[in-house]
Amino acid sequence: QEEGLLIIQLERPDKKNALTGEMYTDLAELFRQADADDDIHVVLIHGGEDFCAGNDLQDFLQQPGDFLDSPAGNFLLTVAAFNKPLVAAVDGYAVGIGSTLLLHCDLAYCSERATFSLPFVNLGLVPEFAATLLLPNCAGYRLAAELLLLGEPFDAATAVRAGLVNAICTPEQLLDHSHSIALKLASKPQLALQQTRALLHTV
């Protein structure tokens with residue numbers, strides 16, 4: 001935490017930051033704490049060399065009960081209700097939740113080697129996290145349908161075209177650039193920033 005900015009780094013590099021129930025629980029708690037802490041103005045999330053390879057499927061299948069009551073569901077609801085700007089820096093793989101999370105970020109940047117995927121249909125699943133609503137809004141129906149119905153990997157340029165990310169950086173520049181943008185946001189008048197963000201989310 002620095003200068004009004006909370007930096008969250010996913011740290012499971014051996015599994016390309018595939019998320020477990022425990023990680024979802026920890027992330028949800030971090031977002032709740034950040035929302036309640038007046039000293040935190042902005043959150044920056046990144047994953048090092050890989051952003052997030054989606055769910056750890058073995059762990060995910062062992063989660064009991066209704067999805068919205070699960071650790072993953074709790075995280076999704078927490079992020080959807082988050083009231084402060086969220087910035088993402090995406091390198092390497094961004095699969096499943098690694099891509100749909102970007103639809104809930106206010107600003108996102110990726111490296112030129114980032115690879116995105118929304119493979120839900122191919123896994124026999126309906127896309128999560130309001131992706132079928134949010135992606136057509138920012139990508140247009142045709143591109144959203146291509147990405148969600150085919151479920152094939154796509155590159156950084158397509159992610160920009162789809163509105164998942166704002167711009168492409170070199171891998172060496174990515175985190176520094178995203179960090180500087182997040183600090184700029186954190187330095188703004190906070191009431192105006194949060195109310196402007198809230199108005200944007202009503203569109």
# chains A, B, ... in the order shown; residues from 1 in each chain; ligands from 1
call {"tool": "residues_around", "arguments": {"residues": "Ala130 of chain A", "least_positions_apart": "5", "cutoff": "9 Å", "atoms": "only C-alpha atoms", "output": "ChimeraX atom specification"}}
result
/A:100,103,135
call {"tool": "select_by_dssp", "arguments": {"residues": "segment 17-198 of chain A", "states": "helix (DSSP H, G or I)", "output": "PyMOL selection string"}}
result
chain A and resi 21-36+57-61+67-69+71-80+97-104+121-123+131-139+141-150+156-161+171-186+190-198
call {"tool": "residues_around", "arguments": {"residues": "Pro13 of chain A", "least_positions_apart": "5", "cutoff": "8 Å", "atoms": "only C-alpha atoms", "output": "PyMOL selection string"}}
result
chain A and resi 48-50
call {"tool": "closest_residue", "arguments": {"among": "A:Phe154, A:Tyr141, A:Tyr24, A:Phe31", "to": "Ala81 of chain A", "atoms": "only C-alpha atoms"}}
result
A:Phe31
call {"tool": "select_by_dssp", "arguments": {"residues": "segment 12-177 of chain A", "states": "strand (DSSP E)", "output": "list in words"}}
result
Val42, Val43, Leu44, Ile45, His46, Leu86, Val87, Ala88, Ala89, Val90, Tyr93, Ala94, Val95, Leu107, Ala108, Tyr109, Cys110, Ser111, Thr115, Phe116, Ser117, Phe154, Asp155, Ala167, Ile168 and Cys169 of chain A
call {"tool": "closest_residue", "arguments": {"among": "A:Leu193, A:Ala18, A:Val126, A:Ala145", "to": "Asn55 of chain A", "atoms": "only C-alpha atoms"}}
result
A:Ala18
call {"tool": "closest_residue", "arguments": {"among": "A:Pro71, A:Gly98, A:Gly4, A:Pro189", "to": "Lys16 of chain A", "atoms": "only C-alpha atoms"}}
result
A:Gly98
call {"tool": "closest_atom_pairs", "arguments": {"of": "segment 146-178 of chain A", "to": "segment 43-47 of chain A", "cutoff": "10 Å", "atoms": "only C-alpha atoms", "output": "Markdown table"}}
result
| residue | atom | partner | partner_atom | distance |
| --- | --- | --- | --- | --- |
| A:Leu174 | CA | A:His46 | CA | 10.0 |
| A:Leu175 | CA | A:His46 | CA | 8.0 |
| A:Ser178 | CA | A:Leu44 | CA | 7.8 |
call {"tool": "residues_around", "arguments": {"residues": "Glu3 of chain A", "least_positions_apart": "6", "cutoff": "10 Å", "atoms": "only C-alpha atoms", "output": "PyMOL selection string"}}
result
chain A and resi 39-42+183+186-187
call {"tool": "write_last_selection", "arguments": {"atoms": "N, CA, C and O atoms", "output": "PDB file, in the first residue's frame"}}
result
ATOM      1  N   ASP A  39      -8.046   5.451   3.378  1.00  0.00           N
ATOM      2  CA  ASP A  39      -6.673   5.704   2.938  1.00  0.00           C
ATOM      3  C   ASP A  39      -6.344   4.997   1.633  1.00  0.00           C
ATOM      4  O   ASP A  39      -5.288   5.238   1.048  1.00  0.00           O
ATOM      5  N   ILE A  40      -7.206   4.092   1.201  1.00  0.00           N
ATOM      6  CA  ILE A  40      -7.016   3.409  -0.082  1.00  0.00           C
ATOM      7  C   ILE A  40      -7.973   4.019  -1.089  1.00  0.00           C
ATOM      8  O   ILE A  40      -9.190   3.989  -0.906  1.00  0.00           O
ATOM      9  N   HIS A  41      -7.416   4.593  -2.150  1.00  0.00           N
ATOM     10  CA  HIS A  41      -8.214   5.272  -3.167  1.00  0.00           C
ATOM     11  C   HIS A  41      -8.389   4.444  -4.430  1.00  0.00           C
ATOM     12  O   HIS A  41      -9.385   4.600  -5.141  1.00  0.00           O
ATOM     13  N   VAL A  42      -7.403   3.608  -4.722  1.00  0.00           N
ATOM     14  CA  VAL A  42      -7.372   2.851  -5.979  1.00  0.00           C
ATOM     15  C   VAL A  42      -6.737   1.495  -5.703  1.00  0.00           C
ATOM     16  O   VAL A  42      -5.865   1.368  -4.834  1.00  0.00           O
ATOM     17  N   LEU A 183      -1.407   5.492  -9.713  1.00  0.00           N
ATOM     18  CA  LEU A 183      -1.027   6.575  -8.797  1.00  0.00           C
ATOM     19  C   LEU A 183      -1.653   7.902  -9.221  1.00  0.00           C
ATOM     20  O   LEU A 183      -2.039   8.711  -8.362  1.00  0.00           O
ATOM     21  N   ALA A 186      -5.078   7.799  -7.908  1.00  0.00           N
ATOM     22  CA  ALA A 186      -5.088   7.898  -6.440  1.00  0.00           C
ATOM     23  C   ALA A 186      -4.872   9.321  -5.972  1.00  0.00           C
ATOM     24  O   ALA A 186      -5.269   9.676  -4.846  1.00  0.00           O
ATOM     25  N   SER A 187      -4.260  10.163  -6.811  1.00  0.00           N
ATOM     26  CA  SER A 187      -3.980  11.540  -6.416  1.00  0.00           C
ATOM     27  C   SER A 187      -5.139  12.496  -6.725  1.00  0.00           C
ATOM     28  O   SER A 187      -5.112  13.656  -6.325  1.00  0.00           O
TER      29      SER A 187
END
call {"tool": "atom_distance", "arguments": {"atom1": "atom CA of Gly151 of chain A", "atom2": "atom CA of Leu19 of chain A"}}
result
19.6 Å
call {"tool": "closest_residue", "arguments": {"among": "A:Gly140, A:Pro153, A:Gly73, A:Pro171", "to": "Asn122 of chain A", "atoms": "only C-alpha atoms"}}
result
A:Pro153
call {"tool": "residues_around", "arguments": {"residues": "Phe82 of chain A", "least_positions_apart": "6", "cutoff": "12 Å", "atoms": "only C-alpha atoms", "output": "PDB file with N, CA, C and O atoms, in the first residue's frame"}}
result
ATOM      1  N   ALA A  28     -11.420 -11.548  -1.970  1.00  0.00           N
ATOM      2  CA  ALA A  28     -12.662 -10.878  -1.586  1.00  0.00           C
ATOM      3  C   ALA A  28     -12.463 -10.059  -0.324  1.00  0.00           C
ATOM      4  O   ALA A  28     -12.945  -8.920  -0.218  1.00  0.00           O
ATOM      5  N   GLU A  29     -11.724 -10.601   0.631  1.00  0.00           N
ATOM      6  CA  GLU A  29     -11.480  -9.875   1.873  1.00  0.00           C
ATOM      7  C   GLU A  29     -10.625  -8.632   1.618  1.00  0.00           C
ATOM      8  O   GLU A  29     -10.879  -7.563   2.200  1.00  0.00           O
ATOM      9  N   LEU A  30      -9.638  -8.733   0.746  1.00  0.00           N
ATOM     10  CA  LEU A  30      -8.810  -7.574   0.406  1.00  0.00           C
ATOM     11  C   LEU A  30      -9.661  -6.463  -0.224  1.00  0.00           C
ATOM     12  O   LEU A  30      -9.503  -5.285   0.098  1.00  0.00           O
ATOM     13  N   PHE A  31     -10.566  -6.831  -1.109  1.00  0.00           N
ATOM     14  CA  PHE A  31     -11.414  -5.825  -1.744  1.00  0.00           C
ATOM     15  C   PHE A  31     -12.385  -5.202  -0.751  1.00  0.00           C
ATOM     16  O   PHE A  31     -12.638  -3.996  -0.797  1.00  0.00           O
ATOM     17  N   ARG A  32     -12.921  -6.001   0.163  1.00  0.00           N
ATOM     18  CA  ARG A  32     -13.815  -5.437   1.185  1.00  0.00           C
ATOM     19  C   ARG A  32     -13.063  -4.458   2.080  1.00  0.00           C
ATOM     20  O   ARG A  32     -13.561  -3.378   2.415  1.00  0.00           O
ATOM     21  N   GLN A  33     -11.854  -4.830   2.483  1.00  0.00           N
ATOM     22  CA  GLN A  33     -11.049  -3.951   3.327  1.00  0.00           C
ATOM     23  C   GLN A  33     -10.691  -2.666   2.579  1.00  0.00           C
ATOM     24  O   GLN A  33     -10.735  -1.565   3.154  1.00  0.00           O
ATOM     25  N   ALA A  34     -10.341  -2.793   1.302  1.00  0.00           N
ATOM     26  CA  ALA A  34      -9.983  -1.616   0.509  1.00  0.00           C
ATOM     27  C   ALA A  34     -11.176  -0.680   0.356  1.00  0.00           C
ATOM     28  O   ALA A  34     -11.032   0.547   0.395  1.00  0.00           O
ATOM     29  N   ASP A  35     -12.352  -1.251   0.179  1.00  0.00           N
ATOM     30  CA  ASP A  35     -13.554  -0.425   0.024  1.00  0.00           C
ATOM     31  C   ASP A  35     -13.850   0.369   1.292  1.00  0.00           C
ATOM     32  O   ASP A  35     -14.329   1.502   1.226  1.00  0.00           O
ATOM     33  N   ALA A  36     -13.548  -0.237   2.440  1.00  0.00           N
ATOM     34  CA  ALA A  36     -13.875   0.401   3.723  1.00  0.00           C
ATOM     35  C   ALA A  36     -12.777   1.335   4.225  1.00  0.00           C
ATOM     36  O   ALA A  36     -12.995   2.078   5.179  1.00  0.00           O
ATOM     37  N   HIS A  41      -7.416   4.593  -2.150  1.00  0.00           N
ATOM     38  CA  HIS A  41      -8.214   5.272  -3.167  1.00  0.00           C
ATOM     39  C   HIS A  41      -8.389   4.444  -4.430  1.00  0.00           C
ATOM     40  O   HIS A  41      -9.385   4.600  -5.141  1.00  0.00           O
ATOM     41  N   VAL A  42      -7.403   3.608  -4.722  1.00  0.00           N
ATOM     42  CA  VAL A  42      -7.372   2.851  -5.979  1.00  0.00           C
ATOM     43  C   VAL A  42      -6.737   1.495  -5.703  1.00  0.00           C
ATOM     44  O   VAL A  42      -5.865   1.368  -4.834  1.00  0.00           O
ATOM     45  N   VAL A  43      -7.152   0.476  -6.452  1.00  0.00           N
ATOM     46  CA  VAL A  43      -6.526  -0.847  -6.377  1.00  0.00           C
ATOM     47  C   VAL A  43      -5.927  -1.182  -7.741  1.00  0.00           C
ATOM     48  O   VAL A  43      -6.567  -0.984  -8.776  1.00  0.00           O
ATOM     49  N   PHE A  75     -16.426 -13.670  -4.312  1.00  0.00           N
ATOM     50  CA  PHE A  75     -15.463 -12.736  -4.901  1.00  0.00           C
ATOM     51  C   PHE A  75     -16.107 -11.919  -6.021  1.00  0.00           C
ATOM     52  O   PHE A  75     -15.949 -10.687  -6.082  1.00  0.00           O
ATOM     53  N   LEU A  76     -16.853 -12.583  -6.900  1.00  0.00           N
ATOM     54  CA  LEU A  76     -17.475 -11.878  -8.012  1.00  0.00           C
ATOM     55  C   LEU A  76     -18.434 -10.802  -7.508  1.00  0.00           C
ATOM     56  O   LEU A  76     -18.443  -9.674  -8.017  1.00  0.00           O
ATOM     57  N   HIS A 104     -14.702  -5.606 -15.349  1.00  0.00           N
ATOM     58  CA  HIS A 104     -15.072  -4.882 -14.129  1.00  0.00           C
ATOM     59  C   HIS A 104     -13.975  -3.924 -13.680  1.00  0.00           C
ATOM     60  O   HIS A 104     -14.123  -3.276 -12.640  1.00  0.00           O
ATOM     61  N   CYS A 105     -12.892  -3.848 -14.447  1.00  0.00           N
ATOM     62  CA  CYS A 105     -11.829  -2.893 -14.160  1.00  0.00           C
ATOM     63  C   CYS A 105     -12.131  -1.576 -14.868  1.00  0.00           C
ATOM     64  O   CYS A 105     -12.741  -1.560 -15.938  1.00  0.00           O
ATOM     65  N   ASP A 106     -11.696  -0.485 -14.278  1.00  0.00           N
ATOM     66  CA  ASP A 106     -11.911   0.819 -14.894  1.00  0.00           C
ATOM     67  C   ASP A 106     -10.868   1.105 -15.965  1.00  0.00           C
ATOM     68  O   ASP A 106     -11.175   1.721 -16.990  1.00  0.00           O
ATOM     69  N   GLN A 194     -14.817   9.090  -7.332  1.00  0.00           N
ATOM     70  CA  GLN A 194     -15.724   7.987  -7.044  1.00  0.00           C
ATOM     71  C   GLN A 194     -17.121   8.251  -7.589  1.00  0.00           C
ATOM     72  O   GLN A 194     -17.789   7.337  -8.093  1.00  0.00           O
ATOM     73  N   ARG A 197     -17.026   7.795 -11.340  1.00  0.00           N
ATOM     74  CA  ARG A 197     -17.004   6.338 -11.623  1.00  0.00           C
ATOM     75  C   ARG A 197     -18.389   5.739 -11.435  1.00  0.00           C
ATOM     76  O   ARG A 197     -18.839   4.921 -12.257  1.00  0.00           O
ATOM     77  N   ALA A 198     -19.084   6.121 -10.375  1.00  0.00           N
ATOM     78  CA  ALA A 198     -20.427   5.599 -10.129  1.00  0.00           C
ATOM     79  C   ALA A 198     -21.381   5.973 -11.260  1.00  0.00           C
ATOM     80  O   ALA A 198     -22.201   5.149 -11.695  1.00  0.00           O
ATOM     81  N   HIS A 201     -20.826   3.836 -14.239  1.00  0.00           N
ATOM     82  CA  HIS A 201     -21.349   2.475 -14.065  1.00  0.00           C
ATOM     83  C   HIS A 201     -22.858   2.415 -14.194  1.00  0.00           C
ATOM     84  O   HIS A 201     -23.430   1.318 -14.223  1.00  0.00           O
TER      85      HIS A 201
END
call {"tool": "residues_around", "arguments": {"residues": "Arg113 of chain A", "least_positions_apart": "4", "cutoff": "12 Å", "atoms": "only C-alpha atoms", "output": "JSON, numbers by chain"}}
result
{"A": [49, 50, 51, 90, 91, 92, 93, 94, 109, 154, 155, 156, 157, 159, 168, 169, 170, 171, 172, 174]}
call {"tool": "atom_distance", "arguments": {"atom1": "atom CA of Glu2 of chain A", "atom2": "atom CA of Lys184 of chain A"}}
result
12.3 Å
call {"tool": "residues_around", "arguments": {"residues": "Leu148 of chain A", "least_positions_apart": "2", "cutoff": "9 Å", "atoms": "only C-alpha atoms", "output": "ChimeraX atom specification"}}
result
/A:117-121,127,131-132,135,143-146,150-152
call {"tool": "atom_distance", "arguments": {"atom1": "atom CA of Leu61 of chain A", "atom2": "atom CA of Leu125 of chain A"}}
result
12.7 Å
